[in-house]
Amino acid sequence: MRVFRSRLVSRFSWRRASAGYSRQMAKVPGKGEECYLCGSEGEMTKDHIPPRGIFPRPLPSNLVTMPCCLKCNQSFHADDEYFRTVVSAFIDRTNSGKTLWDQRVVPNTIKRGRIKKALSEMRASAEPVILPTSAGWVQGVAFEYHALPIERVLVRMTRGFLRKKFPEIDQSLLDFRMAPIVQFRFDEMAELLNQMPSFSIGGEVFTCWVGAVRDKLGFGIWFYQFHRSAAYSVEHKPKHSEWLLPRETR
Ligand SMILES: [Zn+2]
């Protein structure tokens with residue numbers, strides 16, 4: 001059996017994932033539906049946050065969607081597929097992740113040859129490792145993956161949740177950045193996370209801890225965990241202000 005551990009990639013680039021987004025993000029209350037990413041109006045699709053693809057079938061009933069224009073919606077399918085592959089490949093994922101891998105990733109992504117280049121890079125980077133897990137020492141395979149598509153998905157998701165929870169915030173005035181959290185150290189953050197409001201979608205598939213508050217408008221750190229394993233934070237702040245977390249802790 002092939003098992004994986006994630007590891008950061010040396011060609012990891014912190015180029016802004018949000019650079020491609022339009023600045024027309026100001027929320028105009030009372031107007032009709034507008035795309036939550038580019039602000040355009042007109043015919044809308046529904047974008048799922050987090051991406052629907054991370055949920056094994058049958059889908060949970062409490063999926064969250066945001067109005068999204070067709071152009072934006074069509075622009076991130078490859079990112080979502082890459083994201084789904086990565087977060088269901090972690091060695092200590094729950095059964096939901098294993099099911100997703102067997103039910104969706106293997107037949108749809110791997111066998112059909114989608115995101116072929118990215119997958120072959122991931123395979124080429126694989127190396128055997130011994131891992132300290134809560135279940136003891138486990139033999140696994142470490143692989144490298146690109147940060148940028150992961151960041152784009154997570155920033156997009158954060159924009160959606162932020163829009164839902166804090167519609168008064170003009171997101172064009174914010175910077176966003178993602179940081180991975182080492183999966184085996186996530187439990188150490190339990191005390192911090194327990195003090196934050198949180199919600200889950202699809203049981204163990206997705207949990208979000210919300211570190212944004214109204215009296216600190218524009219500042220926030222959102223923590224995400226997928227299949228109780230792959231974990232990331234997304235931080236946002238008003239442009240021209242300091243990040244809350246120093247760079248070296250990321
Ligand atoms: Zn759009």
# chains A, B, ... in the order shown; residues from 1 in each chain; ligands from 1
$ residues_near_ligand --ligand "ligand 1" --cutoff "10 Å" --atoms "only C-alpha atoms and all ligand atoms" --output "ChimeraX atom specification"
/A:21-22,24-25,34-42,44-45,67-75
$ residues_around --residues "A:Leu154" --least-positions-apart "5" --cutoff "9 Å" --atoms "only C-alpha atoms" --output "PyMOL selection string"
chain A and resi 50+149+159+177-178+224+232-234
$ write_last_selection --atoms "N, CA and C atoms" --output "PDB file, in the first residue's frame"
ATOM      1  N   PRO A  50     -15.965  24.952   1.245  1.00  0.00           N
ATOM      2  CA  PRO A  50     -14.818  24.550   0.423  1.00  0.00           C
ATOM      3  C   PRO A  50     -15.294  23.840  -0.848  1.00  0.00           C
ATOM      4  N   PRO A 149      -1.220  26.649  -5.876  1.00  0.00           N
ATOM      5  CA  PRO A 149      -2.626  26.272  -6.107  1.00  0.00           C
ATOM      6  C   PRO A 149      -3.380  26.040  -4.796  1.00  0.00           C
ATOM      7  N   ARG A 159     -12.183  34.166   1.337  1.00  0.00           N
ATOM      8  CA  ARG A 159     -12.953  35.304   0.829  1.00  0.00           C
ATOM      9  C   ARG A 159     -14.441  35.025   0.887  1.00  0.00           C
ATOM     10  N   ARG A 177      -2.840  35.686   2.960  1.00  0.00           N
ATOM     11  CA  ARG A 177      -1.750  34.726   2.750  1.00  0.00           C
ATOM     12  C   ARG A 177      -2.022  33.435   3.522  1.00  0.00           C
ATOM     13  N   MET A 178      -1.498  32.369   2.964  1.00  0.00           N
ATOM     14  CA  MET A 178      -1.723  31.035   3.519  1.00  0.00           C
ATOM     15  C   MET A 178      -0.445  30.524   4.167  1.00  0.00           C
ATOM     16  N   TYR A 224      -7.979  25.859   8.960  1.00  0.00           N
ATOM     17  CA  TYR A 224      -8.759  24.858   8.239  1.00  0.00           C
ATOM     18  C   TYR A 224      -8.119  23.498   8.406  1.00  0.00           C
ATOM     19  N   TYR A 232      -4.180  24.102   7.389  1.00  0.00           N
ATOM     20  CA  TYR A 232      -3.602  25.354   6.893  1.00  0.00           C
ATOM     21  C   TYR A 232      -4.241  26.523   7.635  1.00  0.00           C
ATOM     22  N   SER A 233      -3.528  27.642   7.641  1.00  0.00           N
ATOM     23  CA  SER A 233      -4.158  28.870   8.105  1.00  0.00           C
ATOM     24  C   SER A 233      -4.160  29.862   6.958  1.00  0.00           C
ATOM     25  N   VAL A 234      -5.153  30.726   6.960  1.00  0.00           N
ATOM     26  CA  VAL A 234      -5.159  31.860   6.036  1.00  0.00           C
ATOM     27  C   VAL A 234      -5.325  33.116   6.869  1.00  0.00           C
TER      28      VAL A 234
END
$ closest_atom_pairs --of "stretch 132-237 of chain A" --to "stretch 91-99 of chain A" --cutoff "8 Å" --atoms "only C-alpha atoms" --output "JSON lines"
{"residue": "A:Gly140", "atom": "CA", "partner": "A:Ile91", "partner_atom": "CA", "distance": 7.1}
{"residue": "A:Glu204", "atom": "CA", "partner": "A:Ser96", "partner_atom": "CA", "distance": 6.9}
{"residue": "A:Val205", "atom": "CA", "partner": "A:Ser96", "partner_atom": "CA", "distance": 6.1}
{"residue": "A:Phe226", "atom": "CA", "partner": "A:Arg93", "partner_atom": "CA", "distance": 7.9}
{"residue": "A:His227", "atom": "CA", "partner": "A:Arg93", "partner_atom": "CA", "distance": 5.2}
{"residue": "A:Arg228", "atom": "CA", "partner": "A:Arg93", "partner_atom": "CA", "distance": 5.9}
{"residue": "A:Ser229", "atom": "CA", "partner": "A:Arg93", "partner_atom": "CA", "distance": 5.1}
{"residue": "A:Ala230", "atom": "CA", "partner": "A:Arg93", "partner_atom": "CA", "distance": 7.5}
$ select_by_dssp --residues "stretch 16-144 of chain A" --states "strand (DSSP E)" --output "count of residues only"
26
$ atom_distance --atom1 "atom CA of A:Gly220" --atom2 "atom CA of A:Lys237"
6.7 Å
$ select_by_dssp --residues "stretch 16-168 of chain A" --states "alpha helix (DSSP H)" --output "count of residues only"
51
$ atom_distance --atom1 "atom CA of A:Val129" --atom2 "atom CA of A:Gln225"
22.8 Å
$ atom_distance --atom1 "atom CA of A:Ser134" --atom2 "atom CA of A:Phe186"
11.4 Å
$ closest_residue --among "A:Ser120, A:Ser88, A:Thr65, A:Gln183" --to "A:Phe161" --atoms "only C-alpha atoms"
A:Thr65
$ residues_around --residues "stretch 100-113 of chain A" --least-positions-apart "4" --cutoff "8 Å" --atoms "only C-alpha atoms" --output "PyMOL selection string"
chain A and resi 54-57+81+84-85+88-89+96+119
$ write_last_selection --atoms "N, CA and C atoms" --output "mmCIF file, in the first residue's frame"
data_model
loop_
_atom_site.group_PDB
_atom_site.id
_atom_site.type_symbol
_atom_site.label_atom_id
_atom_site.label_comp_id
_atom_site.auth_asym_id
_atom_site.auth_seq_id
_atom_site.Cartn_x
_atom_site.Cartn_y
_atom_site.Cartn_z
ATOM 1 N N ILE A 54 -13.993 17.935 -2.390
ATOM 2 C CA ILE A 54 -13.293 17.322 -1.250
ATOM 3 C C ILE A 54 -14.207 16.413 -0.441
ATOM 4 N N PHE A 55 -15.509 16.382 -0.799
ATOM 5 C CA PHE A 55 -16.456 15.562 -0.045
ATOM 6 C C PHE A 55 -16.720 14.255 -0.786
ATOM 7 N N PRO A 56 -16.559 13.115 -0.082
ATOM 8 C CA PRO A 56 -16.959 11.854 -0.704
ATOM 9 C C PRO A 56 -18.481 11.815 -0.844
ATOM 10 N N ARG A 57 -18.962 10.959 -1.744
ATOM 11 C CA ARG A 57 -20.404 10.798 -1.914
ATOM 12 C C ARG A 57 -20.934 9.819 -0.873
ATOM 13 N N GLU A 81 -8.909 20.462 -8.332
ATOM 14 C CA GLU A 81 -8.571 19.048 -8.500
ATOM 15 C C GLU A 81 -7.236 18.725 -7.807
ATOM 16 N N ARG A 84 -7.881 18.755 -4.015
ATOM 17 C CA ARG A 84 -8.547 17.544 -3.564
ATOM 18 C C ARG A 84 -7.572 16.373 -3.483
ATOM 19 N N THR A 85 -6.697 16.280 -4.488
ATOM 20 C CA THR A 85 -5.724 15.184 -4.510
ATOM 21 C C THR A 85 -4.792 15.276 -3.309
ATOM 22 N N SER A 88 -6.459 14.594 0.237
ATOM 23 C CA SER A 88 -6.923 13.229 0.500
ATOM 24 C C SER A 88 -5.769 12.234 0.481
ATOM 25 N N ALA A 89 -4.545 12.731 0.319
ATOM 26 C CA ALA A 89 -3.387 11.838 0.219
ATOM 27 C C ALA A 89 -2.586 11.739 1.513
ATOM 28 N N SER A 96 -12.934 9.417 5.767
ATOM 29 C CA SER A 96 -13.523 10.269 4.736
ATOM 30 C C SER A 96 -12.493 10.592 3.650
ATOM 31 N N LEU A 119 0.799 15.624 -10.997
ATOM 32 C CA LEU A 119 0.857 14.327 -10.324
ATOM 33 C C LEU A 119 2.198 13.636 -10.550
#
